[in-house]
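Asks: Handing you this structure, nothing more for now.
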Amino acid sequence: MVFKRSERTEETPGRGVPLPVKIVVAGGYAVGKTTFVGSISEIEPLTTEASLTSHSKGVDIAGEAEKKSTTVAMDFGRISLGDDLILYLFGTPGQDRFHFMWDDLVRGAIGAVVLVDTSRLEDCFAAVDYFESAGLPFVVAVNAFFGRIHHSLDDVREALAIPADVPMMVTDARDRAATKATLLELVQHALTRAATPA
Amino acid sequence: MSETPREDRLRVRPYALTGGRVRSSTELALETIVRVTPRGEASSADLNTERRQICEMCADPTSIAEVSAHLKLPLGVVRVLVGDMVTEGLLDCNVPVVAGDDTRPDLRLLERVLDGLQAL
């Protein structure tokens, strides 16, 4: 295959501006998304806010009106991969009602890490469902608090009905090496998926 | 993560900056990286506060999400402002305007990411 994209001349707009790539980090409330992002980010995780008023689609699960004046916050970090490539990690709220924002987030993403707390498995159902239906490559990483998980990976896979081809692993959101290994697993999975004709 | 209603100062007023618009003519992804152009640098003194701040912040390549976080402006507002500024030639970005949903990184880009992560 031939890629013309990087052939830029001096006059081409965008010269010298790094290319962004992103990975979504999803999971239930307080599962450790921001800790995971912060363990490998080169900046302190930042917070940005999106307004439900501007982008909400349809009616949320509470059946409230579409024009809802709340904001949702999203934490993110940054990893420079060489001079011309920057990886952003976006930690996203996991609740159903925030799906409107996920559409935006997953567009163009490499894939997603679904962080799981085995004592609250149900918190990540929405994320798993969403990424499956969106066709986004994802891995399921069980966050081991204090090195312990309450259920085996096989049990978690069964409980969440994770397809056999989706990688699962134990991680530690506080540990840079564990976070890096989890991200590598995801990118490898995305590569395998991209190299396999649908 | 916050789902509590914010003060009006944060929720409503920023959209006054965009003339009430929630869309820009240029639809940029939140990770889009922008940098100020020579034209943006030259005219930054004549711009309003937010646009000038964006120009100054983007002396180094900066993503829309980072601009939003540092200026404490909602993402939607920053996307409109930055989109307009790209259209006006004040800012430069490296990403073609997102057209469809088929925007997954290609194999070569994924390999670069893998190599980059491994080298960390």
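Each chain in the structure tokens gets a letter, A, B, ..., in the order shown, and its residues are numbered from 1; ligands are numbered from 1 in order too.
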If we count only C-alpha atoms and set the cut-off at 9 Å, which residues sit around Val166 (chain A), ignoring sequence neighbours fewer than 5 positions away in its own chain? Please answer as a list of chain:residue names.
Replies: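 So the residues in contact are A:Pro137, A:Phe138, A:Val139, A:Val140, A:His189.
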Asks: Write a file of the just-selected residues containing C-alpha atoms, as a PDB file, in the first residue's frame.
Replies:
```pdb
ATOM      1  CA  PRO A 137     -11.632  -2.321  19.227  1.00  0.00           C
ATOM      2  CA  PHE A 138     -11.512  -2.588  23.011  1.00  0.00           C
ATOM      3  CA  VAL A 139      -9.838  -4.521  25.790  1.00  0.00           C
ATOM      4  CA  VAL A 140     -11.205  -5.206  29.251  1.00  0.00           C
ATOM      5  CA  HIS A 189      -5.514  -5.749  19.298  1.00  0.00           C
TER       6      HIS A 189
END
```
Asks: May I have all residues of region 14-193 of chain A that DSSP, computed from the backbone, assigns to strand (DSSP E or B), given as a VMD selection string?
Replies: chain A and resid 19 to 27 46 to 51 71 to 80 85 to 91 111 to 116 138 to 143 145 148 168 to 171
Asks: For chain B, work out the contacting residues on chain A at 8 Å, counting only C-alpha atoms, and write them as a PyMOL selection string.
Replies: chain A and resi 13-15+17-22+46-51+54+69-75+81-82+85+87-88+93+104-105+107-110+180+183-184+187-188+190-191+194-195
Asks: Take the selection from the previous step and output its residues with N, CA and C atoms, as a short mmCIF file (atom, residue, chain, number, x, y, z; two decimals), in the first residue's frame.
Replies:
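Result file follows (out16.cif):
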```
data_model
loop_
_atom_site.label_atom_id
_atom_site.label_comp_id
_atom_site.auth_asym_id
_atom_site.auth_seq_id
_atom_site.Cartn_x
_atom_site.Cartn_y
_atom_site.Cartn_z
N PRO A 13 -0.69 23.51 4.58
CA PRO A 13 -1.18 23.82 5.91
C PRO A 13 -0.95 22.62 6.83
N GLY A 14 -0.63 22.89 8.07
CA GLY A 14 -0.48 21.80 9.02
C GLY A 14 0.94 21.31 9.16
N ARG A 15 1.86 21.89 8.38
CA ARG A 15 3.23 21.40 8.48
C ARG A 15 3.75 21.63 9.90
N VAL A 17 2.76 20.44 12.59
CA VAL A 17 1.79 20.23 13.67
C VAL A 17 1.67 18.72 13.89
N PRO A 18 1.90 18.25 15.12
CA PRO A 18 1.87 16.80 15.34
C PRO A 18 0.48 16.23 15.04
N LEU A 19 0.49 14.96 14.70
CA LEU A 19 -0.75 14.25 14.43
C LEU A 19 -1.30 13.70 15.75
N PRO A 20 -2.59 13.92 16.03
CA PRO A 20 -3.14 13.38 17.27
C PRO A 20 -3.75 11.99 17.06
N VAL A 21 -3.59 11.12 18.03
CA VAL A 21 -4.35 9.88 18.07
C VAL A 21 -4.95 9.78 19.48
N LYS A 22 -6.00 8.98 19.61
CA LYS A 22 -6.61 8.93 20.95
C LYS A 22 -7.08 7.54 21.31
N LEU A 46 -5.99 16.76 32.73
CA LEU A 46 -6.78 17.98 32.63
C LEU A 46 -8.25 17.61 32.55
N THR A 47 -9.09 18.57 32.83
CA THR A 47 -10.53 18.32 32.76
C THR A 47 -11.15 19.27 31.75
N THR A 48 -11.97 18.73 30.89
CA THR A 48 -12.72 19.58 29.98
C THR A 48 -14.19 19.28 30.16
N GLU A 49 -15.01 20.25 29.84
CA GLU A 49 -16.43 20.08 30.07
C GLU A 49 -17.21 20.17 28.77
N ALA A 50 -18.15 19.26 28.63
CA ALA A 50 -19.07 19.33 27.50
C ALA A 50 -20.45 19.59 28.06
N SER A 51 -21.19 20.38 27.36
CA SER A 51 -22.52 20.73 27.83
C SER A 51 -23.56 19.82 27.20
N SER A 54 -25.80 21.37 24.37
CA SER A 54 -25.42 21.62 22.99
C SER A 54 -25.49 20.38 22.10
N SER A 69 -29.65 21.45 31.20
CA SER A 69 -28.57 22.41 31.43
C SER A 69 -27.54 21.87 32.43
N THR A 70 -26.97 20.72 32.10
CA THR A 70 -25.90 20.21 32.94
C THR A 70 -24.64 20.06 32.10
N THR A 71 -23.54 19.94 32.78
CA THR A 71 -22.30 19.68 32.06
C THR A 71 -21.73 18.35 32.55
N VAL A 72 -21.01 17.69 31.68
CA VAL A 72 -20.27 16.50 32.12
C VAL A 72 -18.79 16.79 31.93
N ALA A 73 -18.03 16.31 32.87
CA ALA A 73 -16.59 16.55 32.82
C ALA A 73 -15.87 15.30 32.35
N MET A 74 -14.78 15.52 31.66
CA MET A 74 -14.01 14.42 31.10
C MET A 74 -12.54 14.72 31.40
N ASP A 75 -11.87 13.75 31.98
CA ASP A 75 -10.44 13.94 32.28
C ASP A 75 -9.61 13.36 31.15
N LEU A 81 4.54 10.74 21.44
CA LEU A 81 5.22 9.57 20.87
C LEU A 81 6.11 10.08 19.75
N GLY A 82 7.30 10.53 20.10
CA GLY A 82 8.16 11.16 19.11
C GLY A 82 7.74 12.60 18.90
N LEU A 85 3.80 12.89 16.79
CA LEU A 85 2.63 12.08 17.11
C LEU A 85 2.32 12.25 18.60
N LEU A 87 -0.41 11.02 21.61
CA LEU A 87 -1.51 10.15 22.00
C LEU A 87 -2.27 10.80 23.15
N TYR A 88 -3.58 10.98 22.97
CA TYR A 88 -4.43 11.49 24.04
C TYR A 88 -5.22 10.34 24.64
N PRO A 93 -17.08 9.41 31.29
CA PRO A 93 -18.13 8.94 32.20
C PRO A 93 -18.83 7.72 31.60
N ASP A 104 -18.87 11.21 19.78
CA ASP A 104 -17.83 12.17 19.49
C ASP A 104 -16.45 11.61 19.81
N LEU A 105 -16.40 10.95 20.94
CA LEU A 105 -15.12 10.44 21.45
C LEU A 105 -14.58 9.31 20.61
N ARG A 107 -15.12 8.53 17.52
CA ARG A 107 -14.83 8.81 16.12
C ARG A 107 -13.32 9.00 15.94
N GLY A 108 -12.73 8.12 15.17
CA GLY A 108 -11.30 8.24 14.91
C GLY A 108 -10.41 7.65 15.99
N ALA A 109 -11.01 7.08 17.04
CA ALA A 109 -10.18 6.54 18.13
C ALA A 109 -9.51 5.24 17.72
N ILE A 110 -8.33 4.98 18.32
CA ILE A 110 -7.66 3.70 18.12
C ILE A 110 -8.51 2.60 18.74
N LYS A 180 0.95 1.00 30.79
CA LYS A 180 1.60 0.90 29.48
C LYS A 180 1.31 -0.46 28.84
N LEU A 183 -2.20 -0.49 27.50
CA LEU A 183 -2.33 0.28 26.26
C LEU A 183 -1.71 -0.47 25.08
N LEU A 184 -0.56 -1.10 25.32
CA LEU A 184 0.09 -1.87 24.26
C LEU A 184 -0.82 -3.01 23.79
N VAL A 187 -3.49 -1.51 21.53
CA VAL A 187 -3.01 -1.11 20.20
C VAL A 187 -2.72 -2.36 19.36
N GLN A 188 -2.14 -3.38 20.00
CA GLN A 188 -1.88 -4.64 19.30
C GLN A 188 -3.19 -5.26 18.81
N ALA A 190 -5.98 -3.63 18.18
CA ALA A 190 -6.49 -2.78 17.10
C ALA A 190 -5.75 -3.09 15.79
N LEU A 191 -4.46 -3.32 15.90
CA LEU A 191 -3.64 -3.67 14.72
C LEU A 191 -4.13 -4.99 14.11
N ALA A 194 -7.37 -4.40 12.41
CA ALA A 194 -7.24 -3.62 11.19
C ALA A 194 -6.62 -4.44 10.06
N ALA A 195 -5.77 -5.40 10.47
CA ALA A 195 -5.09 -6.23 9.46
C ALA A 195 -5.96 -7.38 8.97
#
```
Asks: Could you tell me how far CA of Leu47 (chain B) lies from CA of Phe76 (chain A), in Å and to one decimal?
Replies: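 That distance, rounded to one decimal, is 28.7 Å.
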Asks: Pick the closest to Lys33 (chain A) from A:Asp83, A:Asp155, A:Glu122, A:Asp117: which is it, counting only C-alpha atoms?
Replies: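 Closest to Lys33 (chain A) of all the choices is A:Asp117.
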Asks: Any idea what's packed within 7 Å of Leu89 (chain A), counting only C-alpha atoms, ignoring anything in its chain fewer than 5 positions away? Could you give it as a list in words?
Replies: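 Close residues of Leu89 (chain A): Lys22, Ile23, Val24, Val25, Val37, Phe76, Gly77 and Arg78 of chain A.
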Asks: With N, CA and C atoms kept, could you save the residues just selected as a PDB file, in the first residue's frame?
Replies:
```pdb
ATOM      1  N   LYS A  22      -5.997   8.978  19.614  1.00  0.00           N
ATOM      2  CA  LYS A  22      -6.608   8.928  20.946  1.00  0.00           C
ATOM      3  C   LYS A  22      -7.083   7.537  21.315  1.00  0.00           C
ATOM      4  N   ILE A  23      -7.088   7.315  22.598  1.00  0.00           N
ATOM      5  CA  ILE A  23      -7.614   6.088  23.177  1.00  0.00           C
ATOM      6  C   ILE A  23      -8.622   6.502  24.240  1.00  0.00           C
ATOM      7  N   VAL A  24      -9.760   5.823  24.265  1.00  0.00           N
ATOM      8  CA  VAL A  24     -10.806   6.126  25.234  1.00  0.00           C
ATOM      9  C   VAL A  24     -10.649   5.193  26.433  1.00  0.00           C
ATOM     10  N   VAL A  25     -10.732   5.758  27.624  1.00  0.00           N
ATOM     11  CA  VAL A  25     -10.692   4.948  28.844  1.00  0.00           C
ATOM     12  C   VAL A  25     -12.058   5.060  29.502  1.00  0.00           C
ATOM     13  N   VAL A  37      -5.128   7.176  33.595  1.00  0.00           N
ATOM     14  CA  VAL A  37      -4.625   8.188  32.658  1.00  0.00           C
ATOM     15  C   VAL A  37      -3.405   8.893  33.253  1.00  0.00           C
ATOM     16  N   PHE A  76      -8.505  14.003  30.859  1.00  0.00           N
ATOM     17  CA  PHE A  76      -7.667  13.459  29.793  1.00  0.00           C
ATOM     18  C   PHE A  76      -6.190  13.743  30.055  1.00  0.00           C
ATOM     19  N   GLY A  77      -5.358  12.948  29.413  1.00  0.00           N
ATOM     20  CA  GLY A  77      -3.916  13.105  29.530  1.00  0.00           C
ATOM     21  C   GLY A  77      -3.276  13.012  28.162  1.00  0.00           C
ATOM     22  N   ARG A  78      -1.969  13.222  28.126  1.00  0.00           N
ATOM     23  CA  ARG A  78      -1.262  13.299  26.847  1.00  0.00           C
ATOM     24  C   ARG A  78       0.066  12.551  26.931  1.00  0.00           C
TER      25      ARG A  78
END
```
Asks: Mind checking which residues fall within 6 Å of region 171-179 of chain A, counting only C-alpha atoms, ignoring those fewer than 5 positions away in the same chain, and posting them as an NGL selection string?
Replies: :A and (35-36 or 39-40 or 141-144)
Asks: Keeping N, CA and C atoms for every residue in the selection just given, could you write it to a file as a PDB file, in the first residue's frame?
Replies:
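Okay, this is what ended up in selection.pdb:
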```pdb
ATOM      1  N   THR A  35      -6.876   7.927  37.447  1.00  0.00           N
ATOM      2  CA  THR A  35      -5.626   7.382  37.972  1.00  0.00           C
ATOM      3  C   THR A  35      -4.858   6.679  36.867  1.00  0.00           C
ATOM      4  N   PHE A  36      -5.583   5.884  36.073  1.00  0.00           N
ATOM      5  CA  PHE A  36      -5.000   5.160  34.939  1.00  0.00           C
ATOM      6  C   PHE A  36      -4.364   6.146  33.958  1.00  0.00           C
ATOM      7  N   SER A  39      -1.278   7.908  35.429  1.00  0.00           N
ATOM      8  CA  SER A  39      -0.084   7.106  35.700  1.00  0.00           C
ATOM      9  C   SER A  39       0.896   7.129  34.534  1.00  0.00           C
ATOM     10  N   ILE A  40       0.429   7.482  33.348  1.00  0.00           N
ATOM     11  CA  ILE A  40       1.319   7.452  32.183  1.00  0.00           C
ATOM     12  C   ILE A  40       1.366   8.783  31.433  1.00  0.00           C
ATOM     13  N   ALA A 141      -9.848  -4.384  31.079  1.00  0.00           N
ATOM     14  CA  ALA A 141      -8.772  -4.435  32.061  1.00  0.00           C
ATOM     15  C   ALA A 141      -9.368  -4.380  33.459  1.00  0.00           C
ATOM     16  N   VAL A 142      -9.153  -5.441  34.208  1.00  0.00           N
ATOM     17  CA  VAL A 142      -9.650  -5.481  35.579  1.00  0.00           C
ATOM     18  C   VAL A 142      -8.641  -4.749  36.462  1.00  0.00           C
ATOM     19  N   ASN A 143      -9.113  -3.683  37.097  1.00  0.00           N
ATOM     20  CA  ASN A 143      -8.224  -2.909  37.954  1.00  0.00           C
ATOM     21  C   ASN A 143      -8.086  -3.618  39.295  1.00  0.00           C
ATOM     22  N   ALA A 144      -6.873  -4.066  39.573  1.00  0.00           N
ATOM     23  CA  ALA A 144      -6.636  -4.831  40.806  1.00  0.00           C
ATOM     24  C   ALA A 144      -6.267  -3.877  41.925  1.00  0.00           C
TER      25      ALA A 144
END
```
